[in-house]
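Below is one structure, written out as structure tokens, with a few remarks after it.
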Amino acid sequence: MARLNIEAALNDPQLQAVRTIEGPVLIIAGAGSGKTRVITYRIAYMLDRGIPQSAILALTFTNKAAREMEDRVKELTGKKLQNLTMSTFHAFGVKILRDEIEALGYRKNFSIYDETDRNQLIKDSLRECHLSVEGTDLYALGQLFSHIKLGSVRWGDGADAAYQPVYEEYQQSLKVFNALDFDDLLVLPILLFEQYPAVLEQYRHRYRYLMVDEFQDTSITQYRLMRLLTDQGEKNVCVVGDDDQSIYSWRGASYENILRFEQDFPGLTEIKLEQNYRSTTTILEAANGVISNNTNRKTKTLWSGNTGGKPIELYHPQNESDEADFIAAQIRTLLMQERLKYDDFGVLIRTNAMTRSIEEAFLAENIPHRVSGGTSFFQRKEIKDILSYLRVIANADDDVNLLRIINTPRRGIGKTTIMAIAELARKNHSSLWDAMGRLRYAPDTLFQEQGKAEIDEFMGLIEGYKEDILGKRGLSQKVRSLVDTIDYWGYLITEYNKAEKIARWKFRNIEYLMQSIANWEHDPDNLDPTLYPYLNRISLITRDDGEDEAGKGKVNLMTIHASKGLEFPVVFIAGAEEGVIPHTRSLEDGDRSLEEERRLFYVAITRARDKLFITSCLTRRHLSSTVECTPSPFLAEIPSHLVEEPEGPVESDTEAEQFFALIKSKFT
DNA sequence: GAAGAGTAGATTTTT
DNA sequence: TCTACTCTTC
């Protein structure tokens with residue numbers, strides 16, 4: 001391999017961070033201080049010193065970050081990295097459970113429930129306990145269940161004990177369905193390790209070098225898992241984080257893990273990376289001006305070698321569509337004037353719903369773009385339908401997914417039939433599939449022959465594909481045949497008979513899905529291209545993170561949360577209004593959340609390398625009405641000498657332009 | 001008993 | 001704008 005020349009590539013603190021591979025290490029890495037660089041060099045350095053790939057475990061926060069890091073290490077070392085484990089905490093949990101879950105009384109073909117599946121199950125559990133679904137805040141109840149499961153709240157003690165039976169029903173159902181929710185992916189490995197020390201010992205023995213990225217965004221549960229793996233012996237664990245960029249506390253993340261780490265690992269090496277290589281002084285000063293208003297933070301001074309920089313430009317468009325047009329027009333101008341490329345631009349928004357207007361403007365202006373976040377591809381109804389078939393083929397006891405497809409496309413198994421099956425399942429404490437199996441051959445039932453025949457046909461369909469797919473290759477071909485057999489196209493046509501366009505578009509999505517399965521299956525690095533690994537993988541992907549090259553040459557449109565860890569020469573922050581950032585929903589629960597919103601704004605600013613645009617609309621459509629907006633209070637925290645703010649609102653399109661746009665849209 | 005039509009209700013951030 | 005649930009019709 002090419003000789004690793006780390007001295008030339010790194011500054012002193014970075015060098016120290018890379019070379020200190022023994023013992024506990026805490027790296028406080030400010031925004032743009034070369035954190036990813038340090039982590040990748042550190043791994044390369046370890047490999048260079050002869051530490052085997054299989055001994056290294058690097059945990060990240062998102063799949064995207066994991067993949068990116070892997071690519072960079074690959075690039076740096078020129079090695080194949082088949083035994084290096086780089087994944088999210090959740091994916092690591094799945095990996096453990098896939099091998100060991102039988103010890104906990106589940107089967108290996110477990111299903112993983114996403115938010116939608118989980119909400120469905122919570123609804124069913126509520127009904128089962130004779131509580132009204134309409135009168136319950138499902139989101140809040142889901143959060144409560146999470147807290148209970150993760151052990152941060154107890155019944156009666158901050159948690160409404162009235163919901164305890166619902167929780168128990170929920171848990172029991174998961175067990176019967178052989179399904180896990182996202183929390184289980186962390187909690188069950190911990191349980192496993194606590195109950196079976198010998199298993200834990202195996203993992204400790206294997207993973208002797210641990211790294212945790214985005215440490216400020218780990219939860220206490222993730223911390224416990226990490227600690228179990230590193231508490232004994234050499235304690236070669238390195239965590240990298242920045243308390244100022246902690247933006248996931250609503251998901252249980254706690255930057256206090258940094259303090260906890262200091263306590264639990266005495267004698268650790270602490271390294272601060274404070275030199276910012278990314279942004280101009282202007283941008284950095286603005287960011288510092290904002291974040292210094294937070295009270296709860298570790299002291300840290302970011303400085304930059306780049307002096308000066310272009311001013312930050314703040315605009316006030318009339319409404320969100322003017323805002324979108326403005327951004328599109330600026331991109332067009334800068335492309336020509338500054339010779340920038342499309343992928344030099346990042347457009348950051350607070351909520352997914354804000355993508356729409358901007359995307360429309362990009363489409364109208366013919367600006368190639370990529371949206372990450374947003375309603376994930378895998379959340380679309382048509383995709384979920386097809387995937388539900390696959391999930392049921394993998395694990396027929398999965399009632400939630402079974403119910404989704406049992407009559408989709410319609411095959412004459414209606415409400416009454418399903419109720420009867422559910423009744424039998426309830427009596428036997430079994431899954432629906434199990435109950436159907438009984439009904440299928442039972443001579444004496446309340447069922448008419450008609451219903452029975454349909455159940456028989458449905459079960460036959462699933463069983464046939466089970467035979468054909470499980471453990472076998474050629475997945476994408478078989479999915480294609482499945483889609484044909486159930487005539488999903490025919491279903492779409494009848495369901496959307498008034499809008500063939502929609503039906504066609506939905507079917508195209510399914511084509512994409514099959515294409516992506518094919519890509520995954522033909523990836524030479526993929527050693528096991530069968531159904532289970534596929535389902536495990538996609539269950540944890542929320543973003544439509546198209547394969548590596550897909551983002552090249554495109555403007556990046558994403559939420560601020562999704563932008564963490566990325567950087568762009570030019571950044572637009574859209575919707576810098578009170579109620580958007582800070583978001584109304586977060587203002588409801590106090591100062592701690594306000595500080596988190598400020599950190600979010602800080603993260604957004606620090607994504608920019610050279611130039612930052614901020615737009616704050618005068619009005620914005622919200623739900624179905626238009627509301628007046630006031631600028632975000634955070635804007636006033638940016639030192640005013642850094643900002644250029646043209647008077648008055650941005651000009652909206654002249655009538656002539658609108659006319660041309662209309663003509664143009666008719667031709668496209 | 002199932003299919004189709006119509007109407008609420010909903011939009012913070014993600015594994 | 002879209003989806004999930006309810007009510008009506010066949």
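By convention here, the chains of the structure tokens are called A, B, ... in the order presented, each chain's residues are numbered starting at 1, and ligands are numbered starting at 1 in the order presented.
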*asked:* Would you pick out the contacts of Val479 in chain A at 10 Å or less, using only C-alpha atoms (C1' of nucleotides), so that residues sharing its chain but fewer than 6 positions from it are not included, and give the list as a list in words?
replied: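 Near neighbours after the sequence-gap exclusion: Ile386, Leu387, Tyr389, Leu390, Tyr465, Ile469, Thr485, Leu513, Met514, Ile517 and Ala518 of chain A.
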Selected residues written out with all heavy atoms, as a compact mmCIF listing (two decimals), in the first residue's frame:
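To be explicit, this is the file written out as part27.txt:
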```txt
# COMPACT_ATOMS: atom_id res chain seq x y z
N ILE A 386 -45.17 -3.63 -1.33
CA ILE A 386 -44.33 -4.70 -1.88
C ILE A 386 -43.39 -5.25 -0.81
O ILE A 386 -43.23 -6.46 -0.67
CB ILE A 386 -43.50 -4.18 -3.09
CG1 ILE A 386 -44.45 -3.65 -4.18
CG2 ILE A 386 -42.62 -5.28 -3.65
CD1 ILE A 386 -45.47 -4.65 -4.68
N LEU A 387 -42.82 -4.34 -0.02
CA LEU A 387 -41.92 -4.81 1.02
C LEU A 387 -42.65 -5.63 2.08
O LEU A 387 -42.08 -6.55 2.66
CB LEU A 387 -41.21 -3.62 1.68
CG LEU A 387 -40.18 -2.92 0.79
CD1 LEU A 387 -39.56 -1.74 1.51
CD2 LEU A 387 -39.10 -3.88 0.34
N TYR A 389 -45.01 -7.69 1.48
CA TYR A 389 -45.03 -9.06 0.96
C TYR A 389 -43.73 -9.77 1.31
O TYR A 389 -43.72 -10.90 1.78
CB TYR A 389 -45.23 -9.06 -0.57
CG TYR A 389 -46.68 -9.03 -0.98
CD1 TYR A 389 -47.32 -7.83 -1.25
CD2 TYR A 389 -47.42 -10.21 -1.05
CE1 TYR A 389 -48.65 -7.80 -1.61
CE2 TYR A 389 -48.76 -10.19 -1.41
CZ TYR A 389 -49.38 -8.98 -1.69
OH TYR A 389 -50.70 -8.95 -2.02
N LEU A 390 -42.63 -9.08 1.09
CA LEU A 390 -41.34 -9.71 1.37
C LEU A 390 -41.18 -10.00 2.86
O LEU A 390 -40.66 -11.04 3.25
CB LEU A 390 -40.19 -8.81 0.89
CG LEU A 390 -40.15 -8.58 -0.62
CD1 LEU A 390 -38.96 -7.71 -1.00
CD2 LEU A 390 -40.07 -9.92 -1.36
N TYR A 465 -43.99 -18.53 -2.59
CA TYR A 465 -42.84 -17.63 -2.68
C TYR A 465 -41.81 -17.90 -1.60
O TYR A 465 -40.62 -17.69 -1.79
CB TYR A 465 -43.30 -16.18 -2.67
CG TYR A 465 -43.67 -15.73 -4.06
CD1 TYR A 465 -44.99 -15.71 -4.48
CD2 TYR A 465 -42.67 -15.42 -4.98
CE1 TYR A 465 -45.32 -15.36 -5.77
CE2 TYR A 465 -42.99 -15.07 -6.27
CZ TYR A 465 -44.31 -15.03 -6.66
OH TYR A 465 -44.62 -14.70 -7.94
N ILE A 469 -38.07 -18.12 -2.59
CA ILE A 469 -37.19 -16.99 -2.29
C ILE A 469 -36.22 -17.24 -1.14
O ILE A 469 -35.04 -16.89 -1.23
CB ILE A 469 -38.05 -15.73 -1.96
CG1 ILE A 469 -38.72 -15.20 -3.23
CG2 ILE A 469 -37.18 -14.64 -1.33
CD1 ILE A 469 -39.50 -13.93 -3.05
N THR A 485 -47.52 -11.46 -10.43
CA THR A 485 -48.51 -12.43 -9.99
C THR A 485 -49.67 -11.76 -9.25
O THR A 485 -50.83 -12.09 -9.47
CB THR A 485 -47.86 -13.47 -9.05
OG1 THR A 485 -46.72 -14.01 -9.71
CG2 THR A 485 -48.83 -14.59 -8.72
N LEU A 513 -37.55 0.38 -7.11
CA LEU A 513 -37.28 -0.55 -6.01
C LEU A 513 -36.63 -1.81 -6.54
O LEU A 513 -35.60 -2.26 -6.03
CB LEU A 513 -38.58 -0.90 -5.27
CG LEU A 513 -38.44 -1.96 -4.19
CD1 LEU A 513 -37.71 -1.40 -2.97
CD2 LEU A 513 -39.78 -2.53 -3.77
N MET A 514 -37.20 -2.34 -7.61
CA MET A 514 -36.66 -3.59 -8.15
C MET A 514 -35.25 -3.36 -8.70
O MET A 514 -34.38 -4.20 -8.55
CB MET A 514 -37.60 -4.14 -9.22
CG MET A 514 -38.93 -4.57 -8.59
SD MET A 514 -40.04 -5.48 -9.67
CE MET A 514 -40.60 -4.22 -10.76
N ILE A 517 -32.94 -3.29 -5.77
CA ILE A 517 -32.67 -4.65 -5.28
C ILE A 517 -31.63 -5.31 -6.19
O ILE A 517 -30.68 -5.92 -5.71
CB ILE A 517 -33.96 -5.50 -5.24
CG1 ILE A 517 -34.96 -4.92 -4.25
CG2 ILE A 517 -33.62 -6.94 -4.85
CD1 ILE A 517 -36.30 -5.63 -4.21
N ALA A 518 -31.82 -5.13 -7.48
CA ALA A 518 -30.88 -5.73 -8.44
C ALA A 518 -29.47 -5.19 -8.22
O ALA A 518 -28.50 -5.95 -8.21
CB ALA A 518 -31.35 -5.48 -9.87
```
Taking only C-alpha atoms (C1' of nucleotides) into account, what are the residues of chain B at most 8 Å from chain A, put as a CSV table (one decimal) with N, CA and C atoms (P, O5', C5', C4', C3', O3' and C1' of nucleotides), in the first residue's frame?
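Just written: out_39.csv:
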```
chain,number,residue,atom,x,y,z
B,1,DG,P,-71.1,-11.7,7.5
B,1,DG,O5',-70.1,-11.5,6.3
B,1,DG,C5',-70.6,-11.7,5.1
B,1,DG,C4',-69.8,-11.0,4.0
B,1,DG,C3',-68.6,-10.1,4.4
B,1,DG,O3',-67.5,-10.4,3.5
B,1,DG,C1',-70.1,-8.8,3.2
B,2,DA,P,-66.1,-9.8,3.7
B,2,DA,O5',-65.9,-8.9,2.4
B,2,DA,C5',-66.1,-9.5,1.1
B,2,DA,C4',-66.2,-8.5,0.0
B,2,DA,C3',-65.0,-7.5,0.0
B,2,DA,O3',-64.6,-7.4,-1.4
B,2,DA,C1',-67.0,-6.3,0.2
B,11,DT,P,-49.1,14.5,12.3
B,11,DT,O5',-47.9,15.5,12.1
B,11,DT,C5',-48.0,16.9,11.9
B,11,DT,C4',-47.1,17.3,10.8
B,11,DT,C3',-46.7,18.7,10.9
B,11,DT,O3',-45.5,18.8,11.7
B,11,DT,C1',-47.0,18.0,8.7
B,12,DT,P,-45.2,18.4,13.1
B,12,DT,O5',-43.7,18.7,13.4
B,12,DT,C5',-43.0,19.7,13.1
B,12,DT,C4',-41.8,19.4,12.3
B,12,DT,C3',-41.5,17.9,11.9
B,12,DT,O3',-40.7,18.0,10.7
B,12,DT,C1',-40.1,18.6,13.7
B,13,DT,P,-40.0,16.8,10.0
B,13,DT,O5',-38.7,16.8,10.8
B,13,DT,C5',-37.4,16.9,10.1
B,13,DT,C4',-36.3,16.9,11.1
B,13,DT,C3',-35.9,15.5,11.4
B,13,DT,O3',-34.8,15.2,10.6
B,13,DT,C1',-36.0,16.8,13.4
B,14,DT,P,-35.0,14.0,9.5
B,14,DT,O5',-34.4,12.8,10.3
B,14,DT,C5',-33.1,12.9,10.8
B,14,DT,C4',-32.8,11.5,11.4
B,14,DT,C3',-33.0,10.3,10.5
B,14,DT,O3',-32.0,9.4,10.8
B,14,DT,C1',-34.4,10.1,12.4
B,15,DT,P,-31.7,8.2,9.8
B,15,DT,O5',-31.5,7.0,10.7
B,15,DT,C5',-30.4,7.0,11.6
B,15,DT,C4',-30.6,5.9,12.6
B,15,DT,C3',-30.8,4.5,12.0
B,15,DT,O3',-30.0,3.6,12.6
B,15,DT,C1',-32.5,5.1,13.6
```
*asked:* Can you tell me which residues surround Arg107 in chain A at a distance of at most 9 Å, considering only C-alpha atoms (C1' of nucleotides), apart from same-chain residues fewer than 6 positions away, and format the answer as an MDAnalysis selection string?
replied: chainID A and resid 98 101 178
Select from chain C every residue with an atom at most 12 Å from any atom of chain A, then for each give the shortest pair of atoms and their distance in Å to one decimal, using only C-alpha atoms (C1' of nucleotides), rows by chain and rising number, as a tab-separated table.
```
residue	atom	partner	partner_atom	distance
C:DT1	C1'	A:Leu623	CA	9.8
C:DC2	C1'	A:Lys381	CA	10.7
C:DT3	C1'	A:Lys381	CA	8.9
C:DA4	C1'	A:Gln120	CA	11.1
C:DC5	C1'	A:Glu134	CA	11.0
```
*Polymer residues at most 7 Å from range 285-299 of chain A, only C-alpha atoms (C1' of nucleotides), same-chain spacing of 3 or more positions, as a list in words*: Asp243, Asp244, Thr281, Thr282, Glu595, Arg598, Arg599, Tyr602, Ile605, Thr606, Phe634, Glu637, Ile638 and Pro639 of chain A
Generate a file of the selected residues that holds all heavy atoms, formatted as a short mmCIF file (atom, residue, chain, number, x, y, z; two decimals), in the first residue's frame.
```cif
data_model
loop_
_atom_site.label_atom_id
_atom_site.label_comp_id
_atom_site.auth_asym_id
_atom_site.auth_seq_id
_atom_site.Cartn_x
_atom_site.Cartn_y
_atom_site.Cartn_z
N ASP A 243 -20.17 19.13 21.77
CA ASP A 243 -21.42 19.41 22.48
C ASP A 243 -22.24 20.50 21.79
O ASP A 243 -23.46 20.53 21.92
CB ASP A 243 -21.15 19.77 23.94
CG ASP A 243 -20.08 20.85 24.09
OD1 ASP A 243 -19.21 20.93 23.21
OD2 ASP A 243 -20.13 21.63 25.06
N ASP A 244 -21.59 21.37 21.05
CA ASP A 244 -22.34 22.43 20.36
C ASP A 244 -23.17 21.90 19.20
O ASP A 244 -24.02 22.60 18.67
CB ASP A 244 -21.37 23.50 19.83
CG ASP A 244 -20.85 24.37 20.95
OD1 ASP A 244 -21.53 24.48 21.99
OD2 ASP A 244 -19.76 24.94 20.79
N THR A 281 -13.60 33.43 8.09
CA THR A 281 -13.76 34.05 9.41
C THR A 281 -15.15 34.64 9.58
O THR A 281 -15.73 34.59 10.66
CB THR A 281 -12.74 35.18 9.62
OG1 THR A 281 -11.63 34.95 8.78
CG2 THR A 281 -12.29 35.23 11.05
N THR A 282 -15.66 35.21 8.50
CA THR A 282 -17.00 35.80 8.58
C THR A 282 -18.02 34.77 9.04
O THR A 282 -18.79 35.01 9.98
CB THR A 282 -17.41 36.31 7.18
OG1 THR A 282 -16.43 37.22 6.72
CG2 THR A 282 -18.77 36.98 7.23
N GLU A 595 -32.24 26.09 23.38
CA GLU A 595 -30.80 25.96 23.17
C GLU A 595 -30.49 24.93 22.09
O GLU A 595 -29.55 25.10 21.32
CB GLU A 595 -30.10 25.59 24.49
CG GLU A 595 -30.27 26.69 25.54
CD GLU A 595 -29.05 26.88 26.43
OE1 GLU A 595 -28.25 25.93 26.55
OE2 GLU A 595 -28.91 27.98 27.00
N ARG A 598 -30.98 26.50 18.81
CA ARG A 598 -29.85 27.38 18.52
C ARG A 598 -28.68 26.57 18.00
O ARG A 598 -28.01 26.96 17.04
CB ARG A 598 -29.47 28.18 19.76
CG ARG A 598 -28.41 29.23 19.46
CD ARG A 598 -28.06 30.07 20.67
NE ARG A 598 -29.02 31.11 20.95
CZ ARG A 598 -29.76 31.19 22.04
NH1 ARG A 598 -29.66 30.26 22.97
NH2 ARG A 598 -30.60 32.18 22.22
N ARG A 599 -28.44 25.43 18.61
CA ARG A 599 -27.37 24.56 18.12
C ARG A 599 -27.66 24.13 16.68
O ARG A 599 -26.75 24.03 15.86
CB ARG A 599 -27.24 23.32 19.02
CG ARG A 599 -26.62 23.61 20.36
CD ARG A 599 -26.19 22.33 21.05
NE ARG A 599 -27.30 21.49 21.46
CZ ARG A 599 -27.94 21.57 22.61
NH1 ARG A 599 -27.57 22.45 23.52
NH2 ARG A 599 -28.94 20.76 22.88
N TYR A 602 -26.74 26.81 14.52
CA TYR A 602 -25.27 26.83 14.49
C TYR A 602 -24.73 25.78 13.52
O TYR A 602 -23.85 26.07 12.70
CB TYR A 602 -24.76 26.56 15.91
CG TYR A 602 -23.28 26.34 16.06
CD1 TYR A 602 -22.39 27.41 16.08
CD2 TYR A 602 -22.76 25.05 16.20
CE1 TYR A 602 -21.03 27.21 16.23
CE2 TYR A 602 -21.40 24.84 16.36
CZ TYR A 602 -20.54 25.92 16.37
OH TYR A 602 -19.21 25.71 16.52
N ILE A 605 -25.23 27.05 9.96
CA ILE A 605 -24.26 28.08 9.55
C ILE A 605 -22.90 27.46 9.23
O ILE A 605 -22.27 27.78 8.23
CB ILE A 605 -24.09 29.14 10.66
CG1 ILE A 605 -25.38 29.92 10.86
CG2 ILE A 605 -22.95 30.11 10.31
CD1 ILE A 605 -25.33 30.87 12.05
N THR A 606 -22.49 26.54 10.09
CA THR A 606 -21.14 26.01 9.96
C THR A 606 -20.99 24.99 8.82
O THR A 606 -19.92 24.45 8.63
CB THR A 606 -20.65 25.37 11.27
OG1 THR A 606 -21.64 24.43 11.73
CG2 THR A 606 -20.43 26.41 12.34
N PHE A 634 -32.67 34.24 16.24
CA PHE A 634 -31.25 33.91 16.13
C PHE A 634 -30.51 34.83 15.15
O PHE A 634 -29.30 35.00 15.26
CB PHE A 634 -31.06 32.46 15.68
CG PHE A 634 -31.66 31.44 16.61
CD1 PHE A 634 -32.20 30.27 16.13
CD2 PHE A 634 -31.66 31.65 17.99
CE1 PHE A 634 -32.74 29.32 16.99
CE2 PHE A 634 -32.21 30.71 18.86
CZ PHE A 634 -32.75 29.54 18.35
N GLU A 637 -28.56 37.53 16.62
CA GLU A 637 -27.37 37.12 17.37
C GLU A 637 -26.12 37.08 16.49
O GLU A 637 -25.01 36.90 16.97
CB GLU A 637 -27.60 35.75 18.01
CG GLU A 637 -28.74 35.78 19.03
CD GLU A 637 -29.13 34.40 19.56
OE1 GLU A 637 -28.54 33.39 19.12
OE2 GLU A 637 -30.03 34.34 20.42
N ILE A 638 -26.33 37.21 15.18
CA ILE A 638 -25.19 37.29 14.28
C ILE A 638 -24.69 38.73 14.29
O ILE A 638 -25.48 39.65 14.07
CB ILE A 638 -25.60 36.91 12.83
CG1 ILE A 638 -26.15 35.48 12.80
CG2 ILE A 638 -24.43 37.06 11.87
CD1 ILE A 638 -26.66 35.06 11.43
N PRO A 639 -23.41 38.95 14.59
CA PRO A 639 -22.89 40.33 14.62
C PRO A 639 -23.26 41.06 13.31
O PRO A 639 -23.00 40.54 12.23
CB PRO A 639 -21.38 40.13 14.73
CG PRO A 639 -21.22 38.79 15.36
CD PRO A 639 -22.38 37.97 14.89
#
```
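Residues with any atom within 10 Å of Met46 in chain A, counting only C-alpha atoms (C1' of nucleotides) and excluding same-chain neighbours fewer than 3 positions away, are Val18, Arg19, Thr20, Ile21, Thr40, Tyr41, Arg42, Ile43, Arg49, Gly50, Ile51, Pro52, Gln53, Ile56 and Tyr209 of chain A.
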Restricted to N, CA, C and O atoms, what would the selected residues look like written as a PDB file, in the first residue's frame?
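What follows is the written file selection39.pdb:
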```pdb
ATOM      1  N   VAL A  18      -4.750  10.846  16.213  1.00  0.00           N
ATOM      2  CA  VAL A  18      -4.589   9.688  15.345  1.00  0.00           C
ATOM      3  C   VAL A  18      -3.658   8.652  15.970  1.00  0.00           C
ATOM      4  O   VAL A  18      -3.896   7.451  15.894  1.00  0.00           O
ATOM      5  N   ARG A  19      -2.641   9.139  16.647  1.00  0.00           N
ATOM      6  CA  ARG A  19      -1.627   8.208  17.161  1.00  0.00           C
ATOM      7  C   ARG A  19      -1.973   7.579  18.504  1.00  0.00           C
ATOM      8  O   ARG A  19      -1.388   6.570  18.880  1.00  0.00           O
ATOM      9  N   THR A  20      -2.874   8.220  19.241  1.00  0.00           N
ATOM     10  CA  THR A  20      -3.227   7.650  20.538  1.00  0.00           C
ATOM     11  C   THR A  20      -4.287   6.581  20.337  1.00  0.00           C
ATOM     12  O   THR A  20      -5.485   6.856  20.359  1.00  0.00           O
ATOM     13  N   ILE A  21      -3.843   5.360  20.140  1.00  0.00           N
ATOM     14  CA  ILE A  21      -4.836   4.315  19.865  1.00  0.00           C
ATOM     15  C   ILE A  21      -5.053   3.396  21.059  1.00  0.00           C
ATOM     16  O   ILE A  21      -5.973   2.596  21.051  1.00  0.00           O
ATOM     17  N   THR A  40     -10.774   8.828   9.940  1.00  0.00           N
ATOM     18  CA  THR A  40     -10.332   7.950   8.860  1.00  0.00           C
ATOM     19  C   THR A  40      -8.824   7.681   8.944  1.00  0.00           C
ATOM     20  O   THR A  40      -8.390   6.553   8.780  1.00  0.00           O
ATOM     21  N   TYR A  41      -8.061   8.720   9.250  1.00  0.00           N
ATOM     22  CA  TYR A  41      -6.617   8.506   9.394  1.00  0.00           C
ATOM     23  C   TYR A  41      -6.307   7.590  10.575  1.00  0.00           C
ATOM     24  O   TYR A  41      -5.369   6.799  10.546  1.00  0.00           O
ATOM     25  N   ARG A  42      -7.097   7.730  11.614  1.00  0.00           N
ATOM     26  CA  ARG A  42      -6.860   6.917  12.802  1.00  0.00           C
ATOM     27  C   ARG A  42      -7.052   5.439  12.459  1.00  0.00           C
ATOM     28  O   ARG A  42      -6.254   4.579  12.851  1.00  0.00           O
ATOM     29  N   ILE A  43      -8.103   5.154  11.714  1.00  0.00           N
ATOM     30  CA  ILE A  43      -8.346   3.762  11.322  1.00  0.00           C
ATOM     31  C   ILE A  43      -7.226   3.278  10.397  1.00  0.00           C
ATOM     32  O   ILE A  43      -6.671   2.186  10.580  1.00  0.00           O
ATOM     33  N   ARG A  49      -0.505  -0.262  11.519  1.00  0.00           N
ATOM     34  CA  ARG A  49       0.261  -0.832  12.621  1.00  0.00           C
ATOM     35  C   ARG A  49      -0.012  -2.308  12.817  1.00  0.00           C
ATOM     36  O   ARG A  49       0.410  -2.896  13.815  1.00  0.00           O
ATOM     37  N   GLY A  50      -0.778  -2.885  11.924  1.00  0.00           N
ATOM     38  CA  GLY A  50      -0.994  -4.325  11.977  1.00  0.00           C
ATOM     39  C   GLY A  50      -2.185  -4.779  12.799  1.00  0.00           C
ATOM     40  O   GLY A  50      -2.364  -5.969  13.053  1.00  0.00           O
ATOM     41  N   ILE A  51      -3.006  -3.840  13.234  1.00  0.00           N
ATOM     42  CA  ILE A  51      -4.224  -4.255  13.929  1.00  0.00           C
ATOM     43  C   ILE A  51      -5.194  -4.807  12.885  1.00  0.00           C
ATOM     44  O   ILE A  51      -5.438  -4.172  11.871  1.00  0.00           O
ATOM     45  N   PRO A  52      -5.722  -6.012  13.111  1.00  0.00           N
ATOM     46  CA  PRO A  52      -6.599  -6.600  12.098  1.00  0.00           C
ATOM     47  C   PRO A  52      -7.916  -5.840  11.965  1.00  0.00           C
ATOM     48  O   PRO A  52      -8.424  -5.301  12.950  1.00  0.00           O
ATOM     49  N   GLN A  53      -8.428  -5.822  10.755  1.00  0.00           N
ATOM     50  CA  GLN A  53      -9.708  -5.153  10.502  1.00  0.00           C
ATOM     51  C   GLN A  53     -10.797  -5.631  11.446  1.00  0.00           C
ATOM     52  O   GLN A  53     -11.599  -4.853  11.951  1.00  0.00           O
ATOM     53  N   ILE A  56     -11.592  -3.940  14.802  1.00  0.00           N
ATOM     54  CA  ILE A  56     -12.009  -2.547  14.870  1.00  0.00           C
ATOM     55  C   ILE A  56     -13.519  -2.418  14.684  1.00  0.00           C
ATOM     56  O   ILE A  56     -14.096  -2.996  13.768  1.00  0.00           O
ATOM     57  N   TYR A 209     -10.811  -2.549  19.528  1.00  0.00           N
ATOM     58  CA  TYR A 209     -10.665  -1.106  19.294  1.00  0.00           C
ATOM     59  C   TYR A 209     -12.004  -0.511  18.870  1.00  0.00           C
ATOM     60  O   TYR A 209     -12.543  -0.857  17.824  1.00  0.00           O
TER      61      TYR A 209
END
```
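For range 483-607 of chain A, backbone-based DSSP labels the following residues as strand (DSSP E or B): Val555, Asn556, Leu557, Met558, Thr559, Phe568, Pro569, Val570, Val571, Phe572, Ile573, Glu577, Gly579 and His583 of chain A.
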Write a file of the selected residues as a compact mmCIF listing (two decimals), in the first residue's frame, keeping N, CA, C and O atoms.
```txt
# COMPACT_ATOMS: atom_id res chain seq x y z
N VAL A 555 -27.52 19.77 -6.89
CA VAL A 555 -27.69 20.63 -5.72
C VAL A 555 -28.26 19.79 -4.59
O VAL A 555 -29.14 18.95 -4.81
N ASN A 556 -27.75 19.98 -3.39
CA ASN A 556 -28.20 19.19 -2.25
C ASN A 556 -29.27 19.93 -1.46
O ASN A 556 -29.03 21.01 -0.94
N LEU A 557 -30.42 19.33 -1.39
CA LEU A 557 -31.53 19.90 -0.63
C LEU A 557 -31.84 18.97 0.53
O LEU A 557 -32.14 17.79 0.31
N MET A 558 -31.75 19.48 1.74
CA MET A 558 -31.96 18.57 2.88
C MET A 558 -32.30 19.34 4.16
O MET A 558 -32.15 20.55 4.23
N THR A 559 -32.75 18.61 5.15
CA THR A 559 -32.98 19.22 6.46
C THR A 559 -31.63 19.50 7.11
O THR A 559 -30.62 18.89 6.76
N PHE A 568 -20.50 22.59 2.28
CA PHE A 568 -20.71 23.06 0.92
C PHE A 568 -20.09 24.45 0.77
O PHE A 568 -20.15 25.25 1.69
N PRO A 569 -19.52 24.72 -0.39
CA PRO A 569 -18.98 26.06 -0.61
C PRO A 569 -20.05 27.14 -0.42
O PRO A 569 -19.79 28.18 0.16
N VAL A 570 -21.24 26.89 -0.94
CA VAL A 570 -22.31 27.87 -0.79
C VAL A 570 -23.49 27.22 -0.09
O VAL A 570 -23.95 26.15 -0.48
N VAL A 571 -23.97 27.88 0.96
CA VAL A 571 -25.10 27.33 1.70
C VAL A 571 -26.24 28.34 1.73
O VAL A 571 -26.02 29.54 1.91
N PHE A 572 -27.45 27.85 1.52
CA PHE A 572 -28.65 28.65 1.72
C PHE A 572 -29.39 28.10 2.93
O PHE A 572 -29.64 26.90 3.00
N ILE A 573 -29.72 28.97 3.88
CA ILE A 573 -30.60 28.54 4.96
C ILE A 573 -31.96 29.17 4.68
O ILE A 573 -32.09 30.40 4.69
N GLU A 577 -37.24 31.82 10.17
CA GLU A 577 -38.33 32.58 10.77
C GLU A 577 -38.65 32.03 12.14
O GLU A 577 -38.43 30.85 12.41
N GLY A 579 -40.70 30.34 14.74
CA GLY A 579 -41.72 29.31 14.57
C GLY A 579 -41.25 28.20 13.63
O GLY A 579 -41.77 27.09 13.66
N HIS A 583 -38.41 26.05 16.15
CA HIS A 583 -39.71 25.54 15.78
C HIS A 583 -40.73 25.69 16.90
O HIS A 583 -40.39 25.53 18.06
```
